[in-house]
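Worksheet for the structure shown next.
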Amino acid sequence: MWKGKTVILGVTGGIACYKAAALCSKLAQKGAEVRVIMTESATKFVAPLTFQTLSRHHVMVDTFDEKDASVVSHIDWADSADLVVVAPATANMLAKMAHGLADDMLSTTLLATTAPILVAPAMNVHMYTHPAVQANMQTLLERGVRFVEPGVGQLACGYVGKGRLAEPEEIMLVIDQMLHPSQPLRGRRVLVTAGGTVERIDPVRYITNDSSGKMGYAIAEAARDMGAEVTLVSAKTAIDPPTGVEVVRVVSTKDMLHAVQERFSHTDIFIKAAAVADYRPAETADRKIKKKAETLTLELVKNPDILQWLGENKRAGQLVVGFAAETNDGEQHALDKVRRKKSDLLVLNDVTIPGAGFGTDTNLVRIYDANGLVQALPMMGKRAVAEKLLELVAGRLQASGGSEA
Ligand code: PMT
């Protein structure tokens, strides 16, 4: 996603340098071209070789360490950048930036670049709250520099307070926004359901299904990256939710219905990727059911249909997307579901195809509306499926008159 983007990572001298290595690795994994500039003091905490290995580029420390005689390094690097990130940023580096000092490779490059700048400070709590540091940050803010605020917690110096470098995941979110300023879902509120609902039989047994949550989680993550404010209503899964989204844990279909209904009025887009139990035990035993007779009959009652409820209650400007996990006659079932449940779009996955449906990292889907097939996608990663689906959703919302909020 970030191929073709050059990010300069400036690392200054603080214990949080070790977290900058994780940030560097994440940037490289995203496909960005990463070039690292360290201050002398940063090299006391982490060796340049660490960043060289992670970024696959030589690391600049000394302004005069010119490796290529045809260019002036700090100008060449400054010009190549789509974004400059300083993480961790010490009080000293903030002061240099605010006052236009250029006495090392990083501060000189920062002065020479016209690229946007993101700064993630990290320092002792008293240093952070010092009026000089706050004034320098204010100056930089006024000049358009963006900040990722430090977190509150146990600091390496022994104090507890504000000053910890923000987590690499949080910094990555802001980098993403800064590298991709045009986000088609900016200002939209998206609710995604994911995972498999659980219907209790007794304290030790339940009915559920094979959903891993991967499809819904990929949609939540992609919606977040496209600028939306995302709520992920998650039933049973074994994976970690994406950062930067509100996560609401639910167990049963009824819990999921309530979570969705509570957020109904302030949500623009609903995407129901969860695998929801159509039936639940008529009664849940409060003690373990004991083995007695040769057969045991479990009476099941119908669960409320959340997608249908959304379809029937949605108002102008809201858009509802359902999924259908089918094993046979997929198109027929998909068309029946999209019409009967009054959803705007329905994503069909045939779960008998290897690489599609439950638990896989890929999916093979066809997207329908009430008139028929809208788009057939090839087998692709769930994240890529999510992006294609959300592009379609954003296009529909815009076409229906709802411009970006
Ligand atoms: O989680 P993964 O392992 O990544 O797998 C992804 C997936 C296969 C679960 C996903 O791609 C998918 O197909 N989800 C929908 C599964 C499903 O429940 O399909 P369904 O045909 O039974 O239901 C149709 C739609 O109605 C779904 O959007 C479902 O969320 C919704 N529904 C169903 C029953 C019910 N009581 N309430 C509902 O809202």
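Here, A, B, ... name the chains of the structure tokens in the order displayed, residue numbers run from 1 inside each chain, and ligands are numbered from 1 in the same displayed order.
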query: How would you write, as a PyMOL selection string, the set of residues no farther than 6 Å from ligand 1 when counting only C-alpha atoms and all ligand atoms?
result: chain A and resi 195+211-215+272-278+303-307+322-325+349+357-359
message: I need the residues of segment 29-258 of chain A that end up classed as helix (DSSP H, G or I) by DSSP on the backbone, written out as a PyMOL selection string.
response: chain A and resi 29+42-45+48-55+73-80+91-99+105-112+125-129+131-142+168-179+214-225+253-258
field: Pick from A:Asn328, A:Asn371, A:Thr53, A:Gln183 nearest to Ile353 of chain A, counting only C-alpha atoms
entry: A:Asn328
Val85 of chain A: which residues within 8 Å, counting only C-alpha atoms, same-chain residues fewer than 3 positions away excluded, as an mmCIF file with N, CA, C and O atoms, in the first residue's frame?
```
data_model
loop_
_atom_site.group_PDB
_atom_site.id
_atom_site.type_symbol
_atom_site.label_atom_id
_atom_site.label_comp_id
_atom_site.auth_asym_id
_atom_site.auth_seq_id
_atom_site.Cartn_x
_atom_site.Cartn_y
_atom_site.Cartn_z
ATOM 1 N N VAL A 7 9.799 7.560 3.363
ATOM 2 C CA VAL A 7 9.644 8.111 4.717
ATOM 3 C C VAL A 7 11.026 8.232 5.341
ATOM 4 O O VAL A 7 11.774 7.246 5.388
ATOM 5 N N ILE A 8 11.379 9.427 5.775
ATOM 6 C CA ILE A 8 12.626 9.589 6.532
ATOM 7 C C ILE A 8 12.286 9.456 8.002
ATOM 8 O O ILE A 8 11.380 10.130 8.507
ATOM 9 N N LEU A 9 12.961 8.539 8.660
ATOM 10 C CA LEU A 9 12.739 8.340 10.088
ATOM 11 C C LEU A 9 13.919 8.947 10.841
ATOM 12 O O LEU A 9 15.058 8.476 10.707
ATOM 13 N N GLY A 10 13.654 9.997 11.590
ATOM 14 C CA GLY A 10 14.696 10.640 12.387
ATOM 15 C C GLY A 10 14.644 10.080 13.794
ATOM 16 O O GLY A 10 13.587 10.086 14.432
ATOM 17 N N ILE A 117 5.924 17.016 8.274
ATOM 18 C CA ILE A 117 6.752 16.488 9.382
ATOM 19 C C ILE A 117 5.846 16.006 10.516
ATOM 20 O O ILE A 117 4.903 16.696 10.905
ATOM 21 N N LEU A 118 6.156 14.815 10.999
ATOM 22 C CA LEU A 118 5.428 14.244 12.135
ATOM 23 C C LEU A 118 6.433 14.019 13.263
ATOM 24 O O LEU A 118 7.506 13.465 13.035
ATOM 25 N N VAL A 119 6.063 14.434 14.462
ATOM 26 C CA VAL A 119 6.985 14.325 15.593
ATOM 27 C C VAL A 119 6.323 13.546 16.730
ATOM 28 O O VAL A 119 5.183 13.835 17.106
ATOM 29 N N ALA A 120 7.043 12.584 17.251
ATOM 30 C CA ALA A 120 6.552 11.813 18.407
ATOM 31 C C ALA A 120 7.536 12.023 19.566
ATOM 32 O O ALA A 120 8.571 11.355 19.630
#
```
statement: For Ala91 of chain A, the closest of A:Glu283, A:Ser107, A:Asn124, A:Val61 counting only C-alpha atoms is A:Asn124
Would you kindly return, as an mmCIF file with C-alpha atoms, in the first residue's frame, each protein, DNA or RNA residue with an atom no farther than 10 Å from any atom of Lys26 of chain A, considering only C-alpha atoms and excluding same-chain residues fewer than 4 positions away?
```
data_model
loop_
_atom_site.group_PDB
_atom_site.id
_atom_site.type_symbol
_atom_site.label_atom_id
_atom_site.label_comp_id
_atom_site.auth_asym_id
_atom_site.auth_seq_id
_atom_site.Cartn_x
_atom_site.Cartn_y
_atom_site.Cartn_z
ATOM 1 C CA ALA A 20 11.824 3.318 16.760
ATOM 2 C CA ALA A 21 13.316 0.040 15.526
ATOM 3 C CA ALA A 22 9.828 -1.517 15.621
ATOM 4 C CA LYS A 30 4.224 -1.660 4.532
ATOM 5 C CA GLY A 31 6.431 -1.297 1.460
ATOM 6 C CA ALA A 32 7.625 2.252 2.142
ATOM 7 C CA LEU A 54 15.544 -3.080 9.007
ATOM 8 C CA SER A 55 15.442 -0.339 6.366
ATOM 9 C CA PRO A 168 4.493 2.278 16.957
ATOM 10 C CA GLU A 169 0.959 1.183 15.896
ATOM 11 C CA MET A 172 1.706 4.220 11.985
#
```
Per residue of segment 83-109 of chain A within 12 Å of segment 125-140 of chain A, note the shortest atom pair and the distance in Å to one decimal, counting only C-alpha atoms, and order the rows by chain and increasing residue number, as CSV.
```
residue,atom,partner,partner_atom,distance
A:Ala89,CA,A:Tyr128,CA,10.9
A:Thr90,CA,A:Tyr128,CA,9.2
A:Ala91,CA,A:Val133,CA,6.2
A:Asn92,CA,A:Val133,CA,8.7
A:Met93,CA,A:Asn136,CA,10.0
A:Leu94,CA,A:Asn136,CA,6.4
A:Ala95,CA,A:Asn136,CA,5.9
A:Lys96,CA,A:Asn136,CA,8.9
A:Met97,CA,A:Leu140,CA,7.6
A:Ala98,CA,A:Asn136,CA,5.4
A:His99,CA,A:Asn136,CA,8.1
A:Gly100,CA,A:Leu140,CA,10.5
```
message: Using DSSP secondary structure from the backbone, list all strand (DSSP E or B) positions within segment 65-219 of chain A, as a PyMOL selection string.
response: chain A and resi 83-89+117-121+146-147+151-154+160-164+189-194+196+199-202+205-207
Residues at most 7 Å from Glu229 of chain A, counting only C-alpha atoms, excluding those fewer than 5 positions away in the same chain, as a PDB file with all heavy atoms, in the first residue's frame?
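Wrote result_31.pdb, looks like this:
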```
ATOM      1  N   ARG A 188     -17.077   9.454   8.006  1.00  0.00           N
ATOM      2  CA  ARG A 188     -18.152   8.452   8.074  1.00  0.00           C
ATOM      3  C   ARG A 188     -17.995   7.592   9.328  1.00  0.00           C
ATOM      4  O   ARG A 188     -16.883   7.292   9.745  1.00  0.00           O
ATOM      5  CB  ARG A 188     -18.091   7.500   6.870  1.00  0.00           C
ATOM      6  CG  ARG A 188     -18.151   8.191   5.536  1.00  0.00           C
ATOM      7  CD  ARG A 188     -19.561   8.592   5.217  1.00  0.00           C
ATOM      8  NE  ARG A 188     -19.653   9.046   3.841  1.00  0.00           N
ATOM      9  CZ  ARG A 188     -20.653   9.769   3.377  1.00  0.00           C
ATOM     10  NH1 ARG A 188     -21.651  10.107   4.169  1.00  0.00           N
ATOM     11  NH2 ARG A 188     -20.675  10.129   2.123  1.00  0.00           N
ATOM     12  N   ARG A 189     -19.122   7.150   9.865  1.00  0.00           N
ATOM     13  CA  ARG A 189     -19.071   6.221  10.993  1.00  0.00           C
ATOM     14  C   ARG A 189     -19.448   4.838  10.474  1.00  0.00           C
ATOM     15  O   ARG A 189     -20.529   4.651   9.900  1.00  0.00           O
ATOM     16  CB  ARG A 189     -20.048   6.641  12.084  1.00  0.00           C
ATOM     17  CG  ARG A 189     -19.645   7.948  12.734  1.00  0.00           C
ATOM     18  CD  ARG A 189     -20.189   8.001  14.159  1.00  0.00           C
ATOM     19  NE  ARG A 189     -19.880   9.295  14.748  1.00  0.00           N
ATOM     20  CZ  ARG A 189     -20.741  10.306  14.748  1.00  0.00           C
ATOM     21  NH1 ARG A 189     -21.942  10.174  14.226  1.00  0.00           N
ATOM     22  NH2 ARG A 189     -20.401  11.449  15.298  1.00  0.00           N
ATOM     23  N   VAL A 190     -18.552   3.892  10.674  1.00  0.00           N
ATOM     24  CA  VAL A 190     -18.748   2.542  10.141  1.00  0.00           C
ATOM     25  C   VAL A 190     -18.842   1.556  11.303  1.00  0.00           C
ATOM     26  O   VAL A 190     -18.030   1.617  12.233  1.00  0.00           O
ATOM     27  CB  VAL A 190     -17.557   2.156   9.227  1.00  0.00           C
ATOM     28  CG1 VAL A 190     -17.683   0.719   8.748  1.00  0.00           C
ATOM     29  CG2 VAL A 190     -17.461   3.101   8.028  1.00  0.00           C
ATOM     30  N   ARG A 224     -10.892   2.002   8.779  1.00  0.00           N
ATOM     31  CA  ARG A 224     -10.101   2.948   9.578  1.00  0.00           C
ATOM     32  C   ARG A 224      -9.069   3.651   8.691  1.00  0.00           C
ATOM     33  O   ARG A 224      -8.929   4.867   8.718  1.00  0.00           O
ATOM     34  CB  ARG A 224      -9.385   2.166  10.692  1.00  0.00           C
ATOM     35  CG  ARG A 224      -8.435   2.983  11.522  1.00  0.00           C
ATOM     36  CD  ARG A 224      -7.422   2.087  12.205  1.00  0.00           C
ATOM     37  NE  ARG A 224      -6.461   1.550  11.253  1.00  0.00           N
ATOM     38  CZ  ARG A 224      -5.605   0.568  11.511  1.00  0.00           C
ATOM     39  NH1 ARG A 224      -5.604  -0.011  12.682  1.00  0.00           N
ATOM     40  NH2 ARG A 224      -4.738   0.149  10.586  1.00  0.00           N
TER      41      ARG A 224
END
```
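When only C-alpha atoms are used to compute distances to Leu83 of chain A, the closest of the residues A:Ile175, A:Val36, A:Ala102, A:Leu373 turns out to be A:Ile175.
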- prompt: Quick one, how far is atom CA of Leu101 of chain A from atom CA of His57 of chain A?
  reply: 26.0 Å
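For the atom pair formed by atom CA of Ile201 of chain A and atom CA of Gln261 of chain A, the distance is 25.1 Å, given to one decimal.
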- prompt: atom CA of Thr193 of chain A and atom CA of Arg366 of chain A, how far apart in Å?
  reply: 19.1 Å
task: Rank nothing, just name the residue among A:Ala370, A:Ala356, A:Lys291, A:Asp344 nearest to Glu331 of chain A, using only C-alpha atoms.
output: A:Ala370
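Distances here use only C-alpha atoms; by that measure, the residue among A:Ala122, A:Leu155, A:Met226, A:Val46 closest to Pro181 of chain A is A:Met226.
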query: Can you tell me, as number ranges by chain, what residues are no more than 8 Å from Gly311 of chain A when counting only C-alpha atoms, ignoring any on the same chain fewer than 3 positions away?
result: A: 307-308, 314, 320, 341-344
Expected file contents, prior selection, all heavy atoms, as a PDB file, in the first residue's frame:
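Okay, this is what ended up in result.pdb:
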```pdb
ATOM      1  N   LEU A 307     -29.389  -8.329  10.440  1.00  0.00           N
ATOM      2  CA  LEU A 307     -29.271  -7.709   9.115  1.00  0.00           C
ATOM      3  C   LEU A 307     -30.647  -7.250   8.631  1.00  0.00           C
ATOM      4  O   LEU A 307     -30.813  -6.144   8.109  1.00  0.00           O
ATOM      5  CB  LEU A 307     -28.649  -8.699   8.122  1.00  0.00           C
ATOM      6  CG  LEU A 307     -28.401  -8.163   6.717  1.00  0.00           C
ATOM      7  CD1 LEU A 307     -27.417  -6.998   6.733  1.00  0.00           C
ATOM      8  CD2 LEU A 307     -27.883  -9.267   5.798  1.00  0.00           C
ATOM      9  N   GLN A 308     -31.615  -8.110   8.846  1.00  0.00           N
ATOM     10  CA  GLN A 308     -32.976  -7.773   8.425  1.00  0.00           C
ATOM     11  C   GLN A 308     -33.488  -6.545   9.184  1.00  0.00           C
ATOM     12  O   GLN A 308     -34.111  -5.656   8.621  1.00  0.00           O
ATOM     13  CB  GLN A 308     -33.892  -8.970   8.682  1.00  0.00           C
ATOM     14  CG  GLN A 308     -35.302  -8.737   8.216  1.00  0.00           C
ATOM     15  CD  GLN A 308     -35.825  -9.902   7.406  1.00  0.00           C
ATOM     16  OE1 GLN A 308     -35.275 -11.006   7.453  1.00  0.00           O
ATOM     17  NE2 GLN A 308     -36.877  -9.673   6.668  1.00  0.00           N
ATOM     18  N   LYS A 314     -33.266   1.132   8.329  1.00  0.00           N
ATOM     19  CA  LYS A 314     -32.285   2.141   7.873  1.00  0.00           C
ATOM     20  C   LYS A 314     -33.022   3.327   7.271  1.00  0.00           C
ATOM     21  O   LYS A 314     -34.101   3.187   6.690  1.00  0.00           O
ATOM     22  CB  LYS A 314     -31.298   1.528   6.875  1.00  0.00           C
ATOM     23  CG  LYS A 314     -31.858   1.226   5.502  1.00  0.00           C
ATOM     24  CD  LYS A 314     -30.772   0.659   4.619  1.00  0.00           C
ATOM     25  CE  LYS A 314     -31.270  -0.230   3.548  1.00  0.00           C
ATOM     26  NZ  LYS A 314     -31.791   0.128   2.348  1.00  0.00           N
ATOM     27  N   VAL A 320     -26.368  -0.441   4.266  1.00  0.00           N
ATOM     28  CA  VAL A 320     -26.249  -1.727   4.966  1.00  0.00           C
ATOM     29  C   VAL A 320     -25.684  -2.788   4.018  1.00  0.00           C
ATOM     30  O   VAL A 320     -26.179  -2.963   2.902  1.00  0.00           O
ATOM     31  CB  VAL A 320     -27.635  -2.174   5.497  1.00  0.00           C
ATOM     32  CG1 VAL A 320     -27.550  -3.566   6.113  1.00  0.00           C
ATOM     33  CG2 VAL A 320     -28.163  -1.173   6.522  1.00  0.00           C
ATOM     34  N   LYS A 341     -33.762  -9.217   3.005  1.00  0.00           N
ATOM     35  CA  LYS A 341     -33.259  -8.507   4.187  1.00  0.00           C
ATOM     36  C   LYS A 341     -33.058  -7.015   3.907  1.00  0.00           C
ATOM     37  O   LYS A 341     -32.560  -6.284   4.770  1.00  0.00           O
ATOM     38  CB  LYS A 341     -31.944  -9.139   4.656  1.00  0.00           C
ATOM     39  CG  LYS A 341     -32.101 -10.627   5.042  1.00  0.00           C
ATOM     40  CD  LYS A 341     -30.891 -11.126   5.804  1.00  0.00           C
ATOM     41  CE  LYS A 341     -30.985 -12.616   6.105  1.00  0.00           C
ATOM     42  NZ  LYS A 341     -30.063 -13.061   7.145  1.00  0.00           N
ATOM     43  N   LYS A 342     -33.417  -6.610   2.677  1.00  0.00           N
ATOM     44  CA  LYS A 342     -33.392  -5.182   2.308  1.00  0.00           C
ATOM     45  C   LYS A 342     -32.025  -4.529   2.536  1.00  0.00           C
ATOM     46  O   LYS A 342     -31.934  -3.355   2.942  1.00  0.00           O
ATOM     47  CB  LYS A 342     -34.474  -4.401   3.064  1.00  0.00           C
ATOM     48  CG  LYS A 342     -35.887  -4.850   2.726  1.00  0.00           C
ATOM     49  CD  LYS A 342     -36.903  -3.978   3.435  1.00  0.00           C
ATOM     50  CE  LYS A 342     -38.329  -4.247   3.020  1.00  0.00           C
ATOM     51  NZ  LYS A 342     -38.780  -5.650   3.137  1.00  0.00           N
ATOM     52  N   SER A 343     -30.955  -5.320   2.296  1.00  0.00           N
ATOM     53  CA  SER A 343     -29.629  -4.706   2.434  1.00  0.00           C
ATOM     54  C   SER A 343     -29.253  -4.065   1.104  1.00  0.00           C
ATOM     55  O   SER A 343     -29.769  -4.434   0.049  1.00  0.00           O
ATOM     56  CB  SER A 343     -28.590  -5.712   2.917  1.00  0.00           C
ATOM     57  OG  SER A 343     -28.405  -6.718   1.985  1.00  0.00           O
ATOM     58  N   ASP A 344     -28.355  -3.083   1.152  1.00  0.00           N
ATOM     59  CA  ASP A 344     -27.970  -2.389  -0.082  1.00  0.00           C
ATOM     60  C   ASP A 344     -27.028  -3.244  -0.908  1.00  0.00           C
ATOM     61  O   ASP A 344     -27.096  -3.244  -2.133  1.00  0.00           O
ATOM     62  CB  ASP A 344     -27.290  -1.064   0.281  1.00  0.00           C
ATOM     63  CG  ASP A 344     -28.259  -0.148   1.000  1.00  0.00           C
ATOM     64  OD1 ASP A 344     -29.082   0.474   0.323  1.00  0.00           O
ATOM     65  OD2 ASP A 344     -28.230  -0.102   2.244  1.00  0.00           O
TER      66      ASP A 344
END
```
Hey, what's within 9 Å of Glu170 of chain A if we count only C-alpha atoms and toss same-chain stuff fewer than 4 positions away? As a PDB file with N, CA, C and O atoms, in the first residue's frame, please?
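Below is the file around.pdb, written as the result:
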```pdb
ATOM      1  N   VAL A 148       2.353  13.262  17.526  1.00  0.00           N
ATOM      2  CA  VAL A 148       1.674  12.143  18.183  1.00  0.00           C
ATOM      3  C   VAL A 148       2.084  12.276  19.634  1.00  0.00           C
ATOM      4  O   VAL A 148       3.259  12.119  19.978  1.00  0.00           O
ATOM      5  N   ALA A 166       4.699   7.287  22.042  1.00  0.00           N
ATOM      6  CA  ALA A 166       3.465   6.621  21.590  1.00  0.00           C
ATOM      7  C   ALA A 166       3.838   5.278  20.971  1.00  0.00           C
ATOM      8  O   ALA A 166       4.947   5.105  20.448  1.00  0.00           O
ATOM      9  N   VAL A 174      -1.135   7.540  12.164  1.00  0.00           N
ATOM     10  CA  VAL A 174      -1.024   8.943  11.760  1.00  0.00           C
ATOM     11  C   VAL A 174      -0.191   9.053  10.480  1.00  0.00           C
ATOM     12  O   VAL A 174      -0.510   9.828   9.578  1.00  0.00           O
ATOM     13  N   ILE A 175       0.853   8.234  10.376  1.00  0.00           N
ATOM     14  CA  ILE A 175       1.661   8.240   9.154  1.00  0.00           C
ATOM     15  C   ILE A 175       0.772   7.893   7.960  1.00  0.00           C
ATOM     16  O   ILE A 175       0.829   8.531   6.903  1.00  0.00           O
ATOM     17  N   THR A 243      -5.774  -1.625  15.915  1.00  0.00           N
ATOM     18  CA  THR A 243      -5.743  -0.460  16.791  1.00  0.00           C
ATOM     19  C   THR A 243      -6.548   0.668  16.151  1.00  0.00           C
ATOM     20  O   THR A 243      -6.806   0.637  14.940  1.00  0.00           O
ATOM     21  N   GLY A 244      -6.952   1.617  16.954  1.00  0.00           N
ATOM     22  CA  GLY A 244      -7.616   2.798  16.404  1.00  0.00           C
ATOM     23  C   GLY A 244      -9.071   2.582  16.057  1.00  0.00           C
ATOM     24  O   GLY A 244      -9.664   3.402  15.356  1.00  0.00           O
TER      25      GLY A 244
END
```
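Shortest atom-to-atom contact with Ser25 of chain A among A:Met38, A:Phe51, A:Val198, A:Gln332: A:Phe51, counting only C-alpha atoms.
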